[in-house]
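Structure file target.txt; described as compact mmCIF, C-alpha atoms and all ligand atoms.
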# COMPACT_ATOMS: atom_id res chain seq x y z
CA MET I 1 -3.06 -46.07 -6.76
CA GLY I 2 -5.39 -44.83 -9.50
CA ALA I 3 -5.11 -41.51 -11.29
CA ILE I 4 -6.03 -38.45 -9.18
CA PRO I 5 -9.34 -37.04 -10.48
CA MET I 6 -8.78 -33.63 -12.08
CA GLY I 7 -12.39 -32.47 -11.78
CA ASP I 8 -15.06 -32.20 -14.44
CA ARG I 9 -14.34 -28.65 -15.43
CA LYS I 10 -11.23 -27.22 -16.95
CA ILE I 11 -10.66 -23.53 -16.24
CA SER I 12 -8.11 -21.84 -18.48
CA VAL I 13 -6.05 -19.01 -17.07
CA GLY I 14 -4.01 -16.59 -19.15
CA LEU I 15 -1.10 -14.86 -17.43
CA CYS I 16 -0.12 -11.44 -18.75
CA GLY I 17 3.25 -10.69 -17.22
CA PHE I 18 5.83 -13.26 -16.24
CA GLY I 19 8.13 -11.38 -13.89
CA ILE I 20 8.70 -12.08 -10.21
CA VAL I 21 5.02 -12.53 -9.37
CA GLY I 22 3.94 -14.15 -12.65
CA GLN I 23 6.59 -16.84 -12.29
CA GLY I 24 5.59 -17.38 -8.66
CA VAL I 25 1.95 -17.86 -9.62
CA TYR I 26 2.94 -20.27 -12.39
CA ASP I 27 5.24 -22.23 -10.10
CA HIS I 28 2.84 -22.60 -7.15
CA LEU I 29 -0.20 -23.35 -9.32
CA THR I 30 1.73 -25.96 -11.27
CA ARG I 31 2.98 -27.67 -8.10
CA LYS I 32 -0.46 -27.79 -6.46
CA ARG I 33 -2.55 -28.35 -9.57
CA LYS I 34 -3.73 -31.81 -8.61
CA LEU I 35 -4.46 -30.91 -4.99
CA LEU I 36 -6.51 -27.91 -6.07
CA ALA I 37 -8.37 -29.98 -8.64
CA GLU I 38 -9.38 -32.45 -5.94
CA GLN I 39 -10.50 -29.65 -3.67
CA LEU I 40 -12.35 -27.56 -6.26
CA GLY I 41 -13.55 -30.21 -8.66
CA ALA I 42 -12.02 -28.18 -11.46
CA ASP I 43 -8.66 -28.29 -13.13
CA ILE I 44 -6.90 -24.93 -13.34
CA SER I 45 -4.81 -24.91 -16.47
CA LEU I 46 -2.30 -22.14 -17.14
CA ALA I 47 -3.07 -22.05 -20.82
CA ARG I 48 -1.16 -19.03 -22.10
CA VAL I 49 1.56 -16.77 -20.75
CA ALA I 50 2.27 -13.37 -22.28
CA VAL I 51 5.77 -11.94 -21.84
CA ARG I 52 7.48 -8.81 -23.07
CA ASP I 53 10.54 -10.66 -24.34
CA LYS I 54 10.40 -14.37 -25.21
CA SER I 55 14.17 -14.77 -25.19
CA LYS I 56 14.57 -13.65 -21.54
CA LYS I 57 15.83 -16.31 -19.15
CA ARG I 58 13.30 -17.30 -16.43
CA ASP I 59 13.66 -18.86 -12.98
CA VAL I 60 10.92 -21.44 -13.60
CA GLU I 61 10.67 -24.07 -16.28
CA ILE I 62 7.79 -23.50 -18.64
CA ASP I 63 6.51 -25.18 -21.80
CA LEU I 64 7.68 -22.67 -24.43
CA SER I 65 4.63 -23.33 -26.59
CA LEU I 66 2.49 -21.51 -23.98
CA ILE I 67 4.46 -18.31 -24.31
CA THR I 68 3.51 -15.39 -26.52
CA GLU I 69 4.58 -11.75 -26.80
CA ASP I 70 1.04 -10.76 -27.79
CA SER I 71 -0.60 -9.99 -24.44
CA LEU I 72 -3.70 -8.44 -26.02
CA SER I 73 -4.47 -11.72 -27.75
CA VAL I 74 -4.41 -13.45 -24.34
CA ALA I 75 -6.82 -10.85 -22.93
CA THR I 76 -9.40 -11.57 -25.61
CA ASP I 77 -8.73 -15.26 -26.32
CA PRO I 78 -12.16 -17.01 -26.26
CA GLU I 79 -10.50 -20.11 -24.79
CA ILE I 80 -9.29 -18.19 -21.73
CA ASP I 81 -11.70 -17.94 -18.77
CA VAL I 82 -9.57 -15.93 -16.34
CA VAL I 83 -7.08 -13.24 -17.32
CA CYS I 84 -4.40 -12.51 -14.78
CA GLU I 85 -2.70 -9.13 -15.24
CA LEU I 86 0.69 -9.11 -13.51
CA MET I 87 2.63 -6.68 -15.67
CA GLY I 88 2.24 -3.53 -13.58
CA GLY I 89 2.04 0.00 -14.88
CA THR I 90 -1.00 1.77 -16.23
CA GLY I 91 -0.35 1.73 -19.98
CA LEU I 92 -0.59 -1.67 -21.63
CA ALA I 93 -2.00 -3.12 -18.39
CA LEU I 94 -5.02 -0.82 -18.67
CA GLU I 95 -5.65 -1.94 -22.22
CA ILE I 96 -5.36 -5.61 -21.32
CA VAL I 97 -7.65 -5.40 -18.31
CA THR I 98 -10.20 -3.28 -20.17
CA ARG I 99 -10.30 -5.57 -23.18
CA ALA I 100 -10.63 -8.67 -21.02
CA LEU I 101 -13.46 -7.11 -19.00
CA VAL I 102 -15.23 -5.94 -22.15
CA ALA I 103 -14.96 -9.55 -23.36
CA GLY I 104 -16.83 -10.53 -20.16
CA LYS I 105 -13.91 -12.31 -18.54
CA ILE I 106 -12.93 -12.55 -14.93
CA VAL I 107 -9.78 -10.49 -14.42
CA VAL I 108 -7.35 -10.91 -11.55
CA THR I 109 -4.84 -8.12 -10.99
CA ALA I 110 -2.18 -7.18 -8.46
CA ASN I 111 -1.88 -3.72 -9.95
CA LYS I 112 -2.54 -1.10 -7.27
CA ALA I 113 -1.55 1.83 -9.49
CA LEU I 114 -4.06 0.70 -12.12
CA LEU I 115 -6.81 0.36 -9.52
CA CYS I 116 -6.03 3.73 -7.98
CA ASP I 117 -6.10 5.52 -11.32
CA HIS I 118 -8.80 3.52 -13.13
CA GLY I 119 -10.58 1.32 -10.57
CA LYS I 120 -13.90 3.10 -10.96
CA GLU I 121 -14.12 2.67 -14.73
CA LEU I 122 -12.76 -0.89 -14.62
CA LEU I 123 -15.37 -2.01 -12.07
CA ALA I 124 -18.03 -0.33 -14.22
CA ALA I 125 -16.75 -2.28 -17.26
CA ALA I 126 -16.88 -5.53 -15.27
CA GLN I 127 -20.45 -4.80 -14.25
CA GLU I 128 -21.56 -3.78 -17.73
CA HIS I 129 -20.09 -6.78 -19.53
CA GLY I 130 -20.81 -9.51 -17.01
CA GLY I 131 -17.23 -9.99 -15.81
CA HIS I 132 -15.51 -9.57 -12.47
CA LEU I 133 -12.42 -7.73 -11.29
CA LEU I 134 -10.56 -9.35 -8.38
CA PHE I 135 -7.58 -7.64 -6.77
CA GLU I 136 -6.60 -9.26 -3.45
CA ALA I 137 -2.88 -9.01 -4.27
CA SER I 138 -3.01 -5.27 -4.85
CA VAL I 139 -2.83 -4.38 -1.14
CA ALA I 140 -0.55 -5.86 1.55
CA GLY I 141 0.84 -8.76 -0.48
CA GLY I 142 0.03 -12.05 1.19
CA ILE I 143 -2.39 -10.64 3.79
CA PRO I 144 -6.01 -11.26 2.73
CA VAL I 145 -7.08 -7.80 3.86
CA ILE I 146 -9.36 -7.13 0.90
CA LYS I 147 -11.36 -10.25 1.63
CA ALA I 148 -11.39 -9.26 5.30
CA ILE I 149 -12.97 -5.88 4.51
CA ARG I 150 -15.30 -7.10 1.75
CA GLU I 151 -16.44 -10.28 3.44
CA GLY I 152 -15.41 -10.91 7.03
CA LEU I 153 -16.08 -7.36 8.23
CA ILE I 154 -19.01 -6.49 5.96
CA ILE I 155 -21.38 -5.58 8.78
CA ASN I 156 -18.98 -2.97 10.17
CA ASP I 157 -18.79 0.77 9.69
CA PHE I 158 -15.13 1.69 9.81
CA SER I 159 -13.87 4.60 11.89
CA ARG I 160 -10.27 4.14 10.77
CA ILE I 161 -7.81 1.88 9.01
CA ASP I 162 -4.08 2.28 9.61
CA GLY I 163 -1.49 0.24 7.87
CA ILE I 164 2.10 -0.42 6.98
CA LEU I 165 1.42 -1.05 3.31
CA ASN I 166 4.81 -0.83 1.66
CA GLY I 167 7.18 -3.70 2.40
CA THR I 168 10.17 -1.98 0.83
CA CYS I 169 9.89 1.08 3.07
CA ASN I 170 9.34 -1.04 6.16
CA TYR I 171 12.35 -3.16 5.26
CA ILE I 172 14.47 -0.03 4.78
CA LEU I 173 13.28 1.65 8.00
CA THR I 174 13.84 -1.54 10.00
CA ARG I 175 17.40 -1.93 8.76
CA MET I 176 18.10 1.77 9.29
CA ALA I 177 17.04 1.27 12.91
CA ASN I 178 18.89 -2.00 13.45
CA GLU I 179 22.09 -1.31 11.54
CA GLY I 180 22.42 2.46 11.43
CA LEU I 181 22.51 2.55 7.62
CA SER I 182 21.01 5.17 5.31
CA TYR I 183 18.04 4.34 3.09
CA GLN I 184 20.10 4.54 -0.11
CA GLU I 185 22.43 1.83 1.20
CA ILE I 186 19.53 -0.58 1.77
CA LEU I 187 17.41 0.15 -1.29
CA ALA I 188 19.58 -1.84 -3.68
CA GLU I 189 19.11 -4.93 -1.51
CA ALA I 190 15.34 -4.47 -1.40
CA LYS I 191 15.41 -4.37 -5.20
CA ALA I 192 17.50 -7.53 -5.43
CA LEU I 193 15.07 -9.31 -3.09
CA GLY I 194 12.17 -8.46 -5.42
CA PHE I 195 10.23 -6.20 -3.02
CA ALA I 196 10.84 -2.83 -4.61
CA GLU I 197 8.99 -1.48 -7.64
CA ALA I 198 10.89 -1.19 -10.92
CA ASP I 199 10.71 2.56 -10.33
CA GLU I 200 11.78 2.64 -6.70
CA SER I 201 10.54 6.20 -6.18
CA LEU I 202 7.04 4.66 -6.11
CA ASP I 203 8.13 2.96 -2.88
CA VAL I 204 10.33 5.52 -1.12
CA ASP I 205 8.16 8.53 -2.05
CA GLY I 206 5.10 6.81 -0.57
CA ILE I 207 3.21 6.62 -3.87
CA ASP I 208 2.81 2.82 -3.83
CA ALA I 209 1.38 2.96 -0.31
CA ALA I 210 -0.92 5.80 -1.43
CA HIS I 211 -2.23 3.67 -4.32
CA LYS I 212 -3.04 0.95 -1.77
CA ALA I 213 -4.62 3.42 0.66
CA VAL I 214 -6.90 4.65 -2.13
CA VAL I 215 -8.01 1.05 -2.76
CA LEU I 216 -8.68 0.51 0.97
CA ALA I 217 -10.59 3.80 1.18
CA TYR I 218 -12.80 2.65 -1.67
CA LEU I 219 -13.43 -0.75 -0.11
CA ALA I 220 -14.21 0.67 3.32
CA TYR I 221 -16.20 3.74 2.30
CA GLY I 222 -17.16 3.38 -1.37
CA LYS I 223 -15.30 6.56 -2.38
CA TRP I 224 -12.53 6.66 -4.96
CA ALA I 225 -10.18 9.37 -3.70
CA ASP I 226 -7.83 10.97 -6.23
CA LEU I 227 -4.14 10.35 -5.61
CA GLU I 228 -3.75 14.16 -5.34
CA GLU I 229 -6.16 14.12 -2.41
CA VAL I 230 -3.89 11.82 -0.38
CA ARG I 231 -1.63 13.67 2.12
CA LEU I 232 1.60 12.15 0.97
CA ASP I 233 5.20 12.07 2.05
CA GLY I 234 7.78 9.31 1.69
CA ILE I 235 10.77 8.17 3.72
CA THR I 236 13.57 9.90 1.84
CA ARG I 237 14.04 12.57 4.51
CA VAL I 238 14.03 10.16 7.44
CA ASN I 239 17.54 10.02 8.87
CA GLN I 240 19.37 8.45 11.78
CA GLU I 241 18.50 11.36 14.09
CA ASP I 242 14.79 10.63 13.60
CA ILE I 243 15.31 6.93 14.14
CA ARG I 244 17.37 7.49 17.32
CA PHE I 245 14.88 10.02 18.71
CA ALA I 246 12.10 7.50 18.13
CA GLU I 247 14.02 4.72 19.86
CA ASP I 248 14.97 6.91 22.83
CA ASN I 249 11.32 7.81 23.36
CA GLY I 250 9.61 4.43 22.91
CA TYR I 251 8.61 4.92 19.27
CA ALA I 252 9.54 3.47 15.89
CA VAL I 253 9.50 5.40 12.60
CA LYS I 254 7.04 3.73 10.21
CA LEU I 255 5.47 4.76 6.91
CA ILE I 256 1.82 4.76 7.94
CA ALA I 257 -1.10 4.80 5.54
CA SER I 258 -4.32 5.92 7.19
CA VAL I 259 -7.90 6.04 6.00
CA GLU I 260 -10.28 7.61 8.47
CA ARG I 261 -13.44 9.62 8.95
CA GLU I 262 -12.87 12.87 10.82
CA ARG I 263 -14.83 12.86 14.08
CA GLN I 264 -16.62 16.19 13.68
CA SER I 265 -17.05 16.73 9.95
CA LYS I 266 -17.14 13.03 8.96
CA ALA I 267 -14.94 13.97 6.00
CA LEU I 268 -12.61 11.29 4.64
CA TYR I 269 -8.89 11.66 5.35
CA VAL I 270 -6.42 9.53 3.41
CA SER I 271 -2.75 9.92 4.22
CA VAL I 272 0.61 8.22 3.77
CA LEU I 273 3.23 9.77 6.02
CA PRO I 274 6.30 8.68 7.94
CA ALA I 275 5.19 8.74 11.56
CA LEU I 276 6.35 8.09 15.09
CA VAL I 277 4.42 5.04 16.27
CA PRO I 278 4.62 3.58 19.80
CA LYS I 279 6.91 0.57 19.66
CA SER I 280 4.39 -1.27 21.85
CA SER I 281 1.45 -0.70 19.46
CA SER I 282 0.26 -3.29 16.96
CA LEU I 283 2.01 -1.51 14.07
CA GLY I 284 5.10 -0.30 15.95
CA SER I 285 6.67 -3.73 16.27
CA VAL I 286 6.08 -4.90 12.70
CA ASP I 287 9.48 -5.12 11.04
CA GLY I 288 11.15 -6.00 7.77
CA VAL I 289 9.14 -6.63 4.64
CA PHE I 290 6.06 -7.40 6.74
CA ASN I 291 2.91 -5.33 6.31
CA ALA I 292 0.26 -4.81 8.98
CA ILE I 293 -3.21 -3.33 8.98
CA SER I 294 -5.27 -2.29 11.97
CA ILE I 295 -8.99 -1.91 11.20
CA HIS I 296 -11.51 -0.37 13.58
CA GLY I 297 -15.06 -1.55 12.93
CA ASP I 298 -18.07 -0.46 14.98
CA VAL I 299 -19.32 -4.01 15.46
CA VAL I 300 -16.12 -6.01 15.90
CA GLY I 301 -13.77 -3.39 17.41
CA GLU I 302 -10.11 -3.52 16.33
CA THR I 303 -8.77 -6.36 14.21
CA VAL I 304 -5.13 -6.51 13.15
CA TYR I 305 -3.61 -8.37 10.20
CA ILE I 306 0.12 -8.99 9.87
CA GLY I 307 2.11 -10.83 7.21
CA PRO I 308 4.58 -10.61 4.36
CA GLY I 309 3.63 -7.64 2.20
CA ALA I 310 5.76 -8.05 -0.90
CA GLY I 311 7.79 -10.52 -2.89
CA ARG I 312 7.15 -13.50 -5.13
CA HIS I 313 5.55 -15.94 -2.72
CA ALA I 314 3.39 -13.56 -0.68
CA THR I 315 1.96 -11.90 -3.76
CA SER I 316 1.46 -15.22 -5.57
CA SER I 317 -0.50 -16.51 -2.59
CA ALA I 318 -2.95 -13.61 -2.91
CA VAL I 319 -3.18 -13.83 -6.70
CA ILE I 320 -3.95 -17.55 -6.52
CA SER I 321 -6.69 -16.94 -3.94
CA ASP I 322 -8.35 -14.69 -6.53
CA ILE I 323 -7.88 -17.26 -9.28
CA VAL I 324 -9.61 -19.80 -7.03
CA ASP I 325 -12.44 -17.33 -6.37
CA ALA I 326 -12.74 -16.93 -10.14
CA VAL I 327 -12.97 -20.71 -10.51
CA LYS I 328 -15.72 -20.81 -7.89
CA LEU I 329 -17.64 -18.08 -9.73
CA LEU I 330 -17.33 -20.09 -12.94
CA ILE I 331 -18.26 -23.50 -11.59
CA PHE I 332 -20.84 -22.62 -8.95
CA GLY I 333 -22.34 -19.56 -10.66
CA GLY I 334 -25.81 -18.93 -12.02
CA PRO I 335 -27.27 -20.03 -15.34
CA GLU I 336 -24.55 -18.35 -17.41
CA GLY I 337 -21.92 -19.79 -15.15
CA ARG I 338 -21.55 -16.48 -13.28
CA PHE I 339 -22.85 -14.85 -10.17
CA PRO I 340 -24.11 -11.36 -10.88
CA PHE I 341 -21.59 -8.58 -10.29
CA LEU I 342 -21.40 -7.69 -6.60
CA ASP I 343 -20.17 -4.21 -5.76
CA PRO I 344 -17.11 -4.71 -3.55
CA ALA I 345 -17.76 -1.55 -1.54
CA PRO I 346 -20.63 0.31 0.15
CA LYS I 347 -22.64 2.29 -2.38
CA ASN I 348 -23.19 5.44 -0.34
CA GLY I 349 -19.63 6.79 -0.24
CA ASN I 350 -19.39 8.74 -3.44
CA GLU I 351 -20.60 11.95 -1.84
CA LEU I 352 -18.03 11.92 0.98
CA GLU I 353 -15.94 15.08 1.23
CA ILE I 354 -12.17 14.88 1.58
CA ALA I 355 -11.00 16.38 4.90
CA GLY I 356 -9.15 19.70 4.73
CA PRO I 357 -6.07 20.48 6.86
CA VAL I 358 -8.17 22.44 9.38
CA GLU I 359 -10.13 19.30 10.24
CA VAL I 360 -7.17 16.97 10.82
CA HIS I 361 -5.45 16.92 14.21
CA SER I 362 -2.35 15.19 15.53
CA ARG I 363 0.73 15.62 17.68
CA TYR I 364 3.81 16.37 15.58
CA TYR I 365 7.55 15.82 15.57
CA VAL I 366 9.69 18.54 13.92
CA ARG I 367 13.44 18.33 13.26
CA MET I 368 15.38 21.29 11.94
CA ARG I 369 18.95 22.38 11.56
CA VAL I 370 19.45 25.75 13.23
CA ASP I 371 22.21 28.31 13.85
CA ASP I 372 23.78 27.74 17.24
CA ARG I 373 23.62 31.32 18.54
CA PRO I 374 21.65 33.38 21.05
CA GLY I 375 18.04 34.24 20.23
CA VAL I 376 17.31 31.38 17.80
CA MET I 377 15.19 29.42 20.26
CA ALA I 378 13.22 32.58 21.04
CA GLU I 379 12.48 33.13 17.31
CA ILE I 380 11.27 29.56 16.95
CA ALA I 381 9.14 29.74 20.09
CA SER I 382 7.60 32.96 18.87
CA ILE I 383 6.54 31.35 15.57
CA LEU I 384 4.97 28.42 17.38
CA ALA I 385 3.11 30.80 19.67
CA SER I 386 1.84 32.85 16.71
CA ARG I 387 0.36 29.68 15.15
CA GLU I 388 -1.01 28.53 18.52
CA VAL I 389 1.09 25.39 18.42
CA SER I 390 1.98 24.17 21.91
CA LEU I 391 5.42 22.68 22.54
CA ALA I 392 5.54 19.31 24.26
CA SER I 393 9.32 18.77 24.25
CA VAL I 394 12.56 20.29 22.99
CA THR I 395 15.75 18.27 22.37
CA GLN I 396 19.10 19.70 21.40
CA LYS I 397 22.21 17.62 21.87
CA GLU I 398 25.34 19.38 23.08
CA VAL I 399 27.90 19.77 20.28
CA GLY I 400 31.48 21.07 20.15
CA VAL I 401 32.07 24.75 20.92
CA ASP I 402 32.99 25.46 17.29
CA ALA I 403 29.83 24.01 15.76
CA GLU I 404 27.88 26.66 13.88
CA ARG I 405 24.74 24.62 13.43
CA VAL I 406 22.92 22.08 15.52
CA SER I 407 19.89 19.81 15.17
CA LEU I 408 16.87 20.87 17.14
CA ILE I 409 13.97 18.47 17.62
CA ILE I 410 10.64 19.56 19.01
CA THR I 411 7.41 17.71 19.60
CA THR I 412 4.04 19.40 19.88
CA HIS I 413 0.78 18.84 21.64
CA MET I 414 -2.33 18.23 19.52
CA THR I 415 -2.67 20.76 16.76
CA SER I 416 -4.27 20.99 13.33
CA GLU I 417 -2.51 19.91 10.17
CA LYS I 418 -3.11 23.45 8.90
CA ALA I 419 -1.30 25.00 11.89
CA ILE I 420 1.70 22.68 11.61
CA MET I 421 2.01 23.25 7.85
CA GLU I 422 1.99 27.03 8.37
CA THR I 423 4.46 26.68 11.23
CA ILE I 424 6.84 24.65 9.06
CA ASP I 425 6.62 27.26 6.31
CA ASP I 426 7.34 30.07 8.78
CA LEU I 427 10.26 28.18 10.34
CA GLY I 428 11.71 27.41 6.91
CA ASN I 429 11.69 31.13 6.13
CA LEU I 430 13.84 32.02 9.15
CA ASP I 431 17.47 32.88 8.34
CA SER I 432 18.49 30.88 11.40
CA VAL I 433 16.88 27.66 10.09
CA GLN I 434 18.66 25.78 7.33
CA GLY I 435 16.33 24.35 4.69
CA SER I 436 12.83 23.13 5.38
CA PRO I 437 12.18 21.40 8.73
CA MET I 438 11.34 17.69 8.61
CA THR I 439 8.03 16.83 10.24
CA MET I 440 6.07 13.67 11.06
CA PRO I 441 2.84 13.07 12.93
CA ILE I 442 3.09 11.23 16.23
CA ARG I 443 0.47 8.49 16.13
CA ASP I 444 -0.49 7.31 19.58
CA PHE I 445 -2.94 4.66 18.35
CA GLY I 446 -4.95 4.91 21.53
CA GLU I 447 -1.99 3.99 23.76
N1 LIG R 501 6.91 -2.54 -3.81
C1 LIG R 501 5.81 -3.06 -3.07
C2 LIG R 501 6.18 -3.10 -1.60
C3 LIG R 501 5.46 -4.43 -3.59
O1 LIG R 501 7.36 -2.97 -1.29
O2 LIG R 501 5.31 -3.23 -0.76
C4 LIG R 501 4.18 -4.99 -3.02
O3 LIG R 501 3.08 -4.24 -3.39

What do you get writing this file as structure tokens?
Amino acid sequence: MGAIPMGDRKISVGLCGFGIVGQGVYDHLTRKRKLLAEQLGADISLARVAVRDKSKKRDVEIDLSLITEDSLSVATDPEIDVVCELMGGTGLALEIVTRALVAGKIVVTANKALLCDHGKELLAAAQEHGGHLLFEASVAGGIPVIKAIREGLIINDFSRIDGILNGTCNYILTRMANEGLSYQEILAEAKALGFAEADESLDVDGIDAAHKAVVLAYLAYGKWADLEEVRLDGITRVNQEDIRFAEDNGYAVKLIASVERERQSKALYVSVLPALVPKSSSLGSVDGVFNAISIHGDVVGETVYIGPGAGRHATSSAVISDIVDAVKLLIFGGPEGRFPFLDPAPKNGNELEIAGPVEVHSRYYVRMRVDDRPGVMAEIASILASREVSLASVTQKEVGVDAERVSLIITTHMTSEKAIMETIDDLGNLDSVQGSPMTMPIRDFGE
């Protein structure tokens, strides 16, 4: 058998960052180099790899002459066509991506925090200098949801997007439900498996999912929301009582990121909140490190995407799809070897208002620890009445006669986010309620 043709063009990729994902990209691209060359007619060569510490032991074998500790030199190397930023963070990563874009390169990144904080200026730099910024791996790991929104669903106006966007939280919540453990007990394992962020509070406080929701909001509506505009809560207060209540009532507790237009005002609402989700809904049965996204488009209706949302292989799969798109831009592009910059999002979204708490409505779950004595229920009911919040159910388990405090769980009918926030504040101020009540929306997802 003769030599396998490697294609006429050689495309040089520089990797900045050689951690879990960087090594995965290197490994998979190296293994499939010949197959890809046959398919694309271009040979993808991993020409340089920037690391923080050259002496660190790696899982994959790599030609040491490719390695440098000078990541900025990779970003601006004239021999490099595609710069792949896989370091994370918003310090050095911002500098690398900016410099590469200013040098007119195609940049691939998995960095959701960077996009959330600087996406607007980075896309402007790509446009100004003739480069491109590709970021499929930044949301939902191995699920090609960015391509789905940008390409497959382009004709649609979106009424809402709901997703499980953080694999670590979904893994923790699933194991809490299946094994009765607390989130702290499971977090260490999620870290060892390579799902969790280096700073795990980004996962469990919902910030990572919020970064991703901001990216989805931009893609769907063309508006960069500020992180501060996202209604945000993580999973650290979710406990076994919440999980058991959910199970007993046909729900699962999931960290749900939502991007939606309010029906009346049309304002944009972006949220990341633990929520009760019907177990039978498309998101309610998605377990472990899997992510899922349900997208409602006016032309297509609902489409749902499910797959592994974190980890070496899932994220590498998405990064490599962007590298291949970069290759296609370079080999099939216009006279300068490039297609002109295409805005990844609708252009008319910048003026959208962010929805206020009066405009947002849901059913709610509220758990609080209360004194077990006469009159407490009446105080609580009176607060709900004063805020015009209607009770849907009340659950208090019988405890021993000597117990001084007991858990009380209520659910409400539809009410505004403003009313529930004020109710929670009022309840937290009662002497008979210990600490601040824990609350979650109940998402029926049209069930
Ligand atoms: N820490 C993230 C997660 C990694 O758990 O989803 C993928 O973005």

Per-residue nearest contacts chain I to ligand LIG 501 (chain R), cut-off 10 Å, using only C-alpha atoms and all ligand atoms, as a Markdown table:
| residue | atom | partner | partner_atom | distance |
| --- | --- | --- | --- | --- |
| I:Val21 | CA | R:LIG501 | C4 | 9.9 |
| I:Ala110 | CA | R:LIG501 | O3 | 7.9 |
| I:Asn111 | CA | R:LIG501 | O3 | 8.2 |
| I:Lys112 | CA | R:LIG501 | O3 | 7.5 |
| I:Ala113 | CA | R:LIG501 | O3 | 9.8 |
| I:Ala137 | CA | R:LIG501 | O3 | 7.7 |
| I:Ser138 | CA | R:LIG501 | O3 | 6.3 |
| I:Val139 | CA | R:LIG501 | O3 | 6.3 |
| I:Ala140 | CA | R:LIG501 | O3 | 6.3 |
| I:Gly141 | CA | R:LIG501 | C4 | 5.6 |
| I:Gly142 | CA | R:LIG501 | C4 | 9.2 |
| I:Ile164 | CA | R:LIG501 | O2 | 8.8 |
| I:Leu165 | CA | R:LIG501 | O2 | 6.0 |
| I:Asn166 | CA | R:LIG501 | O2 | 3.4 |
| I:Gly167 | CA | R:LIG501 | O2 | 3.7 |
| I:Thr168 | CA | R:LIG501 | O1 | 3.7 |
| I:Cys169 | CA | R:LIG501 | O1 | 6.5 |
| I:Asn170 | CA | R:LIG501 | O1 | 7.9 |
| I:Tyr171 | CA | R:LIG501 | O1 | 8.2 |
| I:Ile172 | CA | R:LIG501 | O1 | 9.8 |
| I:Ala190 | CA | R:LIG501 | O1 | 8.1 |
| I:Lys191 | CA | R:LIG501 | N1 | 8.8 |
| I:Gly194 | CA | R:LIG501 | C3 | 8.0 |
| I:Phe195 | CA | R:LIG501 | O1 | 4.7 |
| I:Ala196 | CA | R:LIG501 | N1 | 4.0 |
| I:Glu197 | CA | R:LIG501 | N1 | 4.5 |
| I:Ala198 | CA | R:LIG501 | N1 | 8.3 |
| I:Asp199 | CA | R:LIG501 | N1 | 9.1 |
| I:Glu200 | CA | R:LIG501 | N1 | 7.7 |
| I:Ser201 | CA | R:LIG501 | N1 | 9.8 |
| I:Leu202 | CA | R:LIG501 | N1 | 7.6 |
| I:Asp203 | CA | R:LIG501 | N1 | 5.7 |
| I:Val204 | CA | R:LIG501 | O1 | 9.0 |
| I:Ile207 | CA | R:LIG501 | N1 | 9.9 |
| I:Asp208 | CA | R:LIG501 | C1 | 6.6 |
| I:Ala209 | CA | R:LIG501 | O2 | 7.3 |
| I:His211 | CA | R:LIG501 | O3 | 9.6 |
| I:Lys212 | CA | R:LIG501 | O3 | 8.2 |
| I:Val289 | CA | R:LIG501 | O1 | 7.2 |
| I:Phe290 | CA | R:LIG501 | O2 | 8.6 |
| I:Asn291 | CA | R:LIG501 | O2 | 7.8 |
| I:Pro308 | CA | R:LIG501 | O2 | 9.0 |
| I:Gly309 | CA | R:LIG501 | O2 | 5.6 |
| I:Ala310 | CA | R:LIG501 | C4 | 4.0 |
| I:Gly311 | CA | R:LIG501 | C3 | 6.6 |
| I:Arg312 | CA | R:LIG501 | C4 | 9.3 |
| I:Ala314 | CA | R:LIG501 | C4 | 8.9 |
| I:Thr315 | CA | R:LIG501 | C4 | 7.3 |

Next on the checklist: Would you pick out the contacts of Arg175 (chain I) at 12 Å or less, using only C-alpha atoms, so that residues sharing its chain but fewer than 2 positions from it are not included, and give the list as number ranges by chain?
Outcome noted: I: 168-173, 177-187, 189-190, 239-240, 243, 252-254, 287-289

Checklist entry - Which is closest to His132 (chain I) among I:Glu302, I:Glu388, I:Asp81, I:Glu353, if we use all atoms listed in the file? => result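 For His132 (chain I), the nearest of the given residues is I:Asp81.
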
Item to check | Å distance separating CA of Ala326 (chain I) from CA of Thr76 (chain I), one decimal place | outcome: 16.7 Å

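Nearest to Ile420 (chain I) of all the residues I:Arg263, I:Lys279, I:His361, I:Arg52 is I:His361, counting only C-alpha atoms.
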
Item to check | Pairwise distance for CA of Leu35 (chain I) and CA of Val97 (chain I), rounded to one decimal in Å | outcome: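 One can read the CA of Leu35 (chain I) to CA of Val97 (chain I) distance as 29.0 Å.
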